[in-house]
Structure formats: structure tokens, C-alpha cells
Amino acid sequence: MSIHSPIETGGRTGVMNDYLDALSLVERLHRLLLDVIKDEFERLGVLDLNAVQALLLFNIGENEVTAGELKTRGYYQGSNVSYNLKKLVEKGFMHHQRCEIDRRSVRVRLTPRGREIRDIVAGLFARHAEGLVVRGVVTADGLTEIADALKRMERYWTDQIRYIY
């Protein structure tokens, strides 16, 4: 009789259940984050962009980036980045300009209107960060521990992808 761990044999252990719970929570939290942003913009009467676009503006901030850099730098995780950039440019939230060196590449940056959206999201996040601590939902150190653990998971998954290729 060989000895295998429950994970190797397909059984569920506490670690496996916790891992699956963590995966589910990350997905649900991202969807809830988008709902929170959407609700904030509806409350403010800002209806000409969606939560994904607002989060993209927040993540770009004061940077000037190419569409390709949006994903590599972690500013955007979706598959439809070109669509959202086009809409944000059309609606006046972003400037775009062809690169002088590589004419195929387009650099984008926020307009004053885009910076207003970025500031709204930043204010929302600041209120929530403070509220979590003030209400005792999580401590400041707890937030640091969560972020550190998620960064380690991200590195682990990134390494797994690299080993495939």
C-alpha cells in the first residue's frame, strides 16, 4: 500500500477547502468591488462609464502607458482592454497619442475629466479603508497580512504559468 496525501488522491483536506474558499472569495470580492464602484457612481449621478472603466482610470492614475502595459503592469485584468480604452477616449476620460518611435503603439493618459473619476474612486477607497479599521472589521496590520498573502499567491501562480512555457 502506497502512502499518498489526500490532495494527491483527489480527497479534500482542510488546506484544499481553504484554498478553494480563498479562490471563491477573491472572485466574489472583485465582483462586489465593481458593484460598490457602480453604486457610488449611480449615487453621484455619474452614468457615462461603467465600474470596470472607472477602476481602469483609478489604476492608471498619473501614469502614461500603452495598452499592452495596462495588463503587464496589472492595471487591467480583462480581455477587452481595447474596447474600454476606445470608449474612455470617445467619452473624454483619456487622451491617446501614437508613439513617435513605434507608430503601432498608442500611449494613453487621463484627461482632467478622467482624473475627476480617479479622485472619486480614490475617495471611495479611502473611506472604505478607514471604515474597515474603525468598525473593527480588520486591523491595519490585518490588511497588510492579507495583501502580503495575496501577493505571495500571485507570485506562486505567475511561477506556475512560467514553468508551463
# chains A, B, ... in the order shown; residues from 1 in each chain; ligands from 1

call {"tool": "closest_atom_pairs", "arguments": {"of": "region 54-131 of chain A", "to": "region 23-41 of chain A", "cutoff": "10 Å", "atoms": "only C-alpha atoms", "output": "JSON lines"}}
result
{"residue": "A:Ala54", "atom": "CA", "partner": "A:Ile37", "partner_atom": "CA", "distance": 7.8}
{"residue": "A:Leu55", "atom": "CA", "partner": "A:Ile37", "partner_atom": "CA", "distance": 8.0}
{"residue": "A:Ile117", "atom": "CA", "partner": "A:Phe41", "partner_atom": "CA", "distance": 9.2}
{"residue": "A:Ile120", "atom": "CA", "partner": "A:Phe41", "partner_atom": "CA", "distance": 8.5}
{"residue": "A:Val121", "atom": "CA", "partner": "A:Ile37", "partner_atom": "CA", "distance": 7.2}
{"residue": "A:Leu124", "atom": "CA", "partner": "A:Glu40", "partner_atom": "CA", "distance": 7.8}
{"residue": "A:Phe125", "atom": "CA", "partner": "A:Ile37", "partner_atom": "CA", "distance": 9.3}

call {"tool": "write_last_selection", "arguments": {"atoms": "C-alpha atoms", "output": "CSV table (one decimal), in the first residue's frame"}}
result
chain,number,residue,atom,x,y,z
A,54,ALA,CA,-13.7,53.7,-13.5
A,55,LEU,CA,-11.3,51.2,-11.9
A,117,ILE,CA,-13.2,59.9,-11.9
A,120,ILE,CA,-13.9,59.8,-6.8
A,121,VAL,CA,-12.7,56.2,-6.7
A,124,LEU,CA,-14.3,55.8,-2.0
A,125,PHE,CA,-11.4,53.5,-1.3

call {"tool": "residues_around", "arguments": {"residues": "region 59-72 of chain A", "least_positions_apart": "5", "cutoff": "9 Å", "atoms": "only C-alpha atoms", "output": "PyMOL selection string"}}
result
chain A and resi 54+77-78+81-82+85+99+105-110+114-115+118-119

call {"tool": "select_by_dssp", "arguments": {"residues": "chain A", "states": "strand (DSSP E)", "output": "ChimeraX atom specification"}}
result
/A:65-66,94-98,106-110

call {"tool": "select_by_dssp", "arguments": {"residues": "region 9-38 of chain A", "states": "alpha helix (DSSP H)", "output": "list in words"}}
result
Gly14, Val15, Met16, Asn17, Asp18, Tyr19, Leu20, Asp21, Ala22, Leu23, Ser24, Leu25, Val26, Glu27, Arg28, Leu29, His30, Arg31, Leu32, Leu33, Leu34, Asp35, Val36, Ile37 and Lys38 of chain A

call {"tool": "atom_distance", "arguments": {"atom1": "CA of Leu132 (chain A)", "atom2": "CA of Ala22 (chain A)"}}
result
19.4 Å
